[in-house]
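Below is one structure, written out as structure tokens, with a few remarks after it.
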Amino acid sequence: MAKQVPTSRLARGTKLGAVAASSVIRTQRARLSMRGRSDAVRAKMAEESMIRTTEQVVMVLGTMKGVAMKLGQMMSVLDMDLVPEAHRERFQKRLAVLRNAAPSVSFESMRQVIEDDFGQPLGAIFAEFEAEPIAAASIGQVYRGTLHDGRRVAVKVQYPGIDAAVRADLKNLAMFRRVLQSAMPWVTPAVLDELRLNMESELDYQAEANTQLQIAELYAGHPFIVVPRSMPELSTTRVLVSEYVPGKGFEEIRQLPDAERDRIGEIIYRFYVGSLFTFNEFCGDPHPGNVLLADDGKVAFLDFGLFNRMDPEHVQFELTCLRAAAEDRAEDLRELMIQRGVIDSPEEIGAEECLEYVLAASEWCLIDEELTITPELASGAFLLAVDPRASEFTGMKQQNLPPEHLFSRRADFLTFGMLGQLGCTANWHQISREWLYGEPPVTELGKVHHGWLAEHPPVAPKKPRVRAKKTTKPSTDA
């Protein structure tokens with residue numbers, strides 16, 4: 001029988017504590033055994049110790065699911081520079097487990113969840129139901145089934161006891177930080193607070209089904225984006241039923257020719273980032289497990305447990321800041337952030353530091369030329385912005401980004417990370433000018449998208465039409 005998810009705070013905390021303890025012991029042993037050794041041998045031993053610690057953290061993240069698994073998914077998307085280059089491929093394969101093949105729970109246990117929530121046998125709800133899961137979500141598994149009317153459906157089912165597990169994770173956040181920082185020093189209080197604010201909302205599949213249906217209707221008939229229609233009438237707190245969309249997963253997409261990957265990358269960028277500035281709402285959980293290339297060439301987007309609708313005023317603030325950064329208006333940018341309360345210690349932050357900090361995170365979409373996004377470029381920008389080990393921007397890192405903006409910036413970073421995993425090339429600034437400045441599209445996808453928008457006009461604030469000056473292309477050796 002498959003091992004169940006540990007749910008008590010003590011059991012889950014003990015797992016993390018064991019990693020911390022073994023990491024400390026391993027480090028002490030490594031230091032003792034290094035005495036009298038050559039520099040090359042010491043470096044090799046330190047490298048091996050770090051790899052063992054990091055892989056153990058990955059193993060614990062995968063078995064714990066919940067908040068811990070969400071952090072692991074962020075690691076896998078952003079390709080953090082946690083291990084030496086020679087071991088990067090092996091480490092990424094371990095991380096892929098977190099997004100594609102989390103440890104499974106027995107079908108009988110999952111079947112019980114469905115029957116308990118519906119109050120009737122599985123056969124009364126589904127004409128067919130495949131026992132083998134087709135995907136793993138952060139807090140559940142996805143199965144394929146057929147309704148009695150013949151419709152093929154995807155059925156997302158929560159792991160039994162995962163609600164208690166997630167709440168235990170949330171109580172253990174302080175311990176998470178102490179333990180996981182050995183491998184992920186960017187796990188700051190702000191990152192954990194953002195997870196605390198949003199993770200528990202993922203436990204309500206009925207609410208997610210309602211959200212997903214609204215988004216599916218919003219994008220109905222779109223030329224290259226598809227959101228499977230959920231069926232709230234057949235969904236419960238722990239079971240979400242939606243139409244089944246066959247297609248290629250992310251690893252298959254990565255093997256496609258450059259031109260096709262670039263096309264898919266632009267679609268991903270438009271959906272996860274463009275939606276915020278077009279509709280004042282966005283999916284806050286971009287990662288490879290939530291994207292499929294459908295058989296008809298459209299890109300299907302899945303999983304809407306972390307979905308956010310922003311106040312148009314907050315969206316406008318982000319647009320105004322991005323325009324100021326694109327135009328090198330450092331003083332204006334600093335003043336905007338002071339007024340919004342992002343900078344609460346103005347005497348410590350100069351205009352240039354403020355501008356350079358924003359550009360470190362967002363310059364990839366603010367330079368007016370083609371740019372190939374690499375995993376190193378994406379993770380480098382993320383670590384530079386949040387990693388306390390980096391000496392740059394120490395003043396900005398101590399400021400307080402309001403939660404609504406932290407959520408949108410996280411989505412932006414994770415989208416950047418996905419594009420890096422695909423190695424996409426585009427003039428991202430030319431695409432973003434559609435929402436930054438209200439300019440007409442210049443790409444073929446943009447023209448088709450705006451043709452569709454003309455029939456589905458969003459309510460959005462008018463944007464000034466100002467050109468950003470051309471800047472020097474940054475190095476991709478981040």
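How things are named: the first chain in the structure tokens is A, the next is B, and so on; residues count from 1 in each chain; ligands count from 1 in the order shown.
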Check your understanding: Which residues come within 8 Å of Tyr205 in chain A, counting only C-alpha atoms, excluding same-chain residues fewer than 2 positions away, as a ChimeraX atom specification?
Key -> /A:202-203,207-209,235-240,305
**Study point:** Those in range 124-321 of chain A with helix (DSSP H, G or I) from DSSP, as number ranges by chain
**Key:** A: 124-125, 162-171, 173-180, 189-203, 205-218, 232-234, 250-253, 258-279, 288-290, 312-321
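Each of A:Glu243, A:Glu352, A:Asp117, A:Asp296 was compared to Arg144 in chain A using only C-alpha atoms, and A:Glu243 turns out to be the nearest.
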Practice item. Pick out the closest residue to Ser275 in chain A from this set: A:Phe307, A:Gln206, A:Glu370, A:Ser138. Count only C-alpha atoms. Key: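 Selected residue with least distance to Ser275 in chain A: A:Phe307.
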Review point. Taking into account only C-alpha atoms, which residue in the set A:Ile134, A:Ala164, A:Ala294, A:Leu302 is nearest to Ile215 in chain A?
Key: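 Using only C-alpha atoms, the shortest distance to Ile215 in chain A belongs to A:Leu302.
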Review point. For Val105 in chain A, which residue among A:Ala259, A:Ala124, A:Val299, A:Ala131 is the nearest when counting only C-alpha atoms?
Key: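 So, comparing all the options, the nearest one is A:Ala131.
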Review point. Please, which residues of range 229-466 of chain A, numbered as in this document, come out strand (DSSP E or B) from DSSP, as a list in words?
Key: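 Written out, the strand (DSSP E or B) residues of range 229-466 of chain A are Ser230, Val239, Leu240, Val241, Ser242, Glu243, Gly247, Lys248, Glu281, Phe282, Cys283, Val291, Leu292, Leu293, Ala294, Val299, Ala300, Phe301, Phe307, Asn308, Arg309, Leu371, Thr372, Thr425 and Ala426 of chain A.
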Output of the above residues as a compact mmCIF listing (two decimals), in the first residue's frame, restricted to N, CA, C and O atoms:
# COMPACT_ATOMS: atom_id res chain seq x y z
N SER A 230 -14.40 23.89 -16.49
CA SER A 230 -14.65 23.07 -15.31
C SER A 230 -16.15 22.84 -15.17
O SER A 230 -16.97 23.48 -15.85
N VAL A 239 -12.72 17.46 -4.90
CA VAL A 239 -12.73 16.87 -6.24
C VAL A 239 -13.11 17.94 -7.25
O VAL A 239 -14.12 18.62 -7.10
N LEU A 240 -12.28 18.10 -8.29
CA LEU A 240 -12.55 19.09 -9.33
C LEU A 240 -12.63 18.36 -10.67
O LEU A 240 -11.69 17.70 -11.10
N VAL A 241 -13.78 18.51 -11.34
CA VAL A 241 -14.00 17.87 -12.64
C VAL A 241 -14.00 18.92 -13.72
O VAL A 241 -14.67 19.95 -13.62
N SER A 242 -13.22 18.68 -14.79
CA SER A 242 -13.20 19.61 -15.92
C SER A 242 -13.04 18.82 -17.21
O SER A 242 -12.72 17.63 -17.19
N GLU A 243 -13.26 19.49 -18.33
CA GLU A 243 -13.12 18.80 -19.61
C GLU A 243 -11.66 18.37 -19.79
O GLU A 243 -10.74 19.05 -19.35
N GLY A 247 -2.81 16.48 -24.93
CA GLY A 247 -1.74 17.30 -25.49
C GLY A 247 -0.37 16.91 -24.98
O GLY A 247 -0.22 15.98 -24.19
N LYS A 248 0.64 17.64 -25.41
CA LYS A 248 2.03 17.40 -25.02
C LYS A 248 2.34 18.14 -23.73
O LYS A 248 1.96 19.30 -23.55
N GLU A 281 -6.50 40.65 -13.78
CA GLU A 281 -6.51 39.38 -13.07
C GLU A 281 -5.51 38.44 -13.72
O GLU A 281 -5.16 38.60 -14.90
N PHE A 282 -5.02 37.49 -12.94
CA PHE A 282 -3.98 36.61 -13.47
C PHE A 282 -3.88 35.36 -12.62
O PHE A 282 -4.29 35.33 -11.45
N CYS A 283 -3.33 34.31 -13.23
CA CYS A 283 -3.05 33.07 -12.52
C CYS A 283 -1.71 33.22 -11.81
O CYS A 283 -0.71 33.56 -12.45
N VAL A 291 0.89 23.62 -17.99
CA VAL A 291 0.83 23.99 -19.41
C VAL A 291 0.84 22.74 -20.28
O VAL A 291 1.61 21.81 -20.05
N LEU A 292 -0.03 22.72 -21.29
CA LEU A 292 -0.07 21.64 -22.28
C LEU A 292 -0.15 22.24 -23.68
O LEU A 292 -0.81 23.27 -23.87
N LEU A 293 0.51 21.60 -24.62
CA LEU A 293 0.32 21.97 -26.03
C LEU A 293 -0.77 21.05 -26.58
O LEU A 293 -0.55 19.86 -26.78
N ALA A 294 -1.95 21.62 -26.79
CA ALA A 294 -3.09 20.83 -27.23
C ALA A 294 -2.89 20.33 -28.66
O ALA A 294 -2.08 20.86 -29.42
N VAL A 299 -2.39 26.46 -26.74
CA VAL A 299 -1.75 26.16 -25.47
C VAL A 299 -2.83 26.16 -24.39
O VAL A 299 -3.58 27.13 -24.24
N ALA A 300 -2.92 25.03 -23.69
CA ALA A 300 -3.92 24.88 -22.62
C ALA A 300 -3.28 25.22 -21.29
O ALA A 300 -2.16 24.79 -20.99
N PHE A 301 -4.01 25.97 -20.48
CA PHE A 301 -3.53 26.36 -19.15
C PHE A 301 -4.42 25.71 -18.10
O PHE A 301 -5.66 25.73 -18.21
N PHE A 307 -5.39 32.11 -7.95
CA PHE A 307 -5.79 33.09 -8.96
C PHE A 307 -6.07 34.40 -8.26
O PHE A 307 -6.66 34.42 -7.17
N ASN A 308 -5.66 35.49 -8.86
CA ASN A 308 -5.77 36.78 -8.19
C ASN A 308 -6.43 37.82 -9.08
O ASN A 308 -6.07 37.95 -10.25
N ARG A 309 -7.35 38.53 -8.53
CA ARG A 309 -7.95 39.69 -9.19
C ARG A 309 -7.46 40.92 -8.46
O ARG A 309 -7.67 41.06 -7.26
N LEU A 371 15.78 39.03 -27.30
CA LEU A 371 16.53 38.47 -26.18
C LEU A 371 16.17 37.00 -26.02
O LEU A 371 14.98 36.64 -25.99
N THR A 372 17.17 36.16 -25.95
CA THR A 372 16.96 34.74 -25.65
C THR A 372 17.04 34.57 -24.14
O THR A 372 18.04 34.93 -23.52
N THR A 425 13.14 32.96 -27.51
CA THR A 425 13.67 34.23 -28.03
C THR A 425 12.53 35.09 -28.54
O THR A 425 11.64 34.60 -29.25
N ALA A 426 12.55 36.37 -28.17
CA ALA A 426 11.55 37.33 -28.68
C ALA A 426 12.01 38.73 -28.29
O ALA A 426 12.92 38.90 -27.47
For Arg111 in chain A, please output as a PDB file with N, CA and C atoms, in the first residue's frame all residues within 9 Å (counting only C-alpha atoms; exclusion window: fewer than 5 positions along the same chain).
ATOM      1  N   SER A 106      -2.313   5.548  -2.892  1.00  0.00           N
ATOM      2  CA  SER A 106      -3.022   4.417  -3.494  1.00  0.00           C
ATOM      3  C   SER A 106      -4.355   4.854  -4.086  1.00  0.00           C
ATOM      4  N   ASP A 116     -16.567   9.672  -0.687  1.00  0.00           N
ATOM      5  CA  ASP A 116     -16.988  10.375   0.530  1.00  0.00           C
ATOM      6  C   ASP A 116     -17.565  11.742   0.194  1.00  0.00           C
ATOM      7  N   LEU A 122     -18.325   5.388  -7.019  1.00  0.00           N
ATOM      8  CA  LEU A 122     -17.634   5.987  -8.159  1.00  0.00           C
ATOM      9  C   LEU A 122     -18.394   5.742  -9.459  1.00  0.00           C
ATOM     10  N   ALA A 131      -7.660   4.094 -13.150  1.00  0.00           N
ATOM     11  CA  ALA A 131      -7.044   4.047 -11.827  1.00  0.00           C
ATOM     12  C   ALA A 131      -5.653   4.670 -11.793  1.00  0.00           C
ATOM     13  N   VAL A 157      -8.131  15.175  -7.723  1.00  0.00           N
ATOM     14  CA  VAL A 157      -8.571  14.679  -6.415  1.00  0.00           C
ATOM     15  C   VAL A 157      -7.499  14.993  -5.372  1.00  0.00           C
TER      16      VAL A 157
END
Exercise for review: Mind checking which residues fall within 9 Å of Cys321 in chain A, counting only C-alpha atoms, ignoring those fewer than 3 positions away in the same chain, and posting them as a VMD selection string?
Suggested key: chain A and resid 316 to 318 324 to 326 332 to 334 336 to 337 358
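What separates CA of Ala216 in chain A from CA of Tyr272 in chain A is a distance of 14.3 Å.
Here CA of Leu422 in chain A and CA of Asn290 in chain A stand 14.3 Å from one another.
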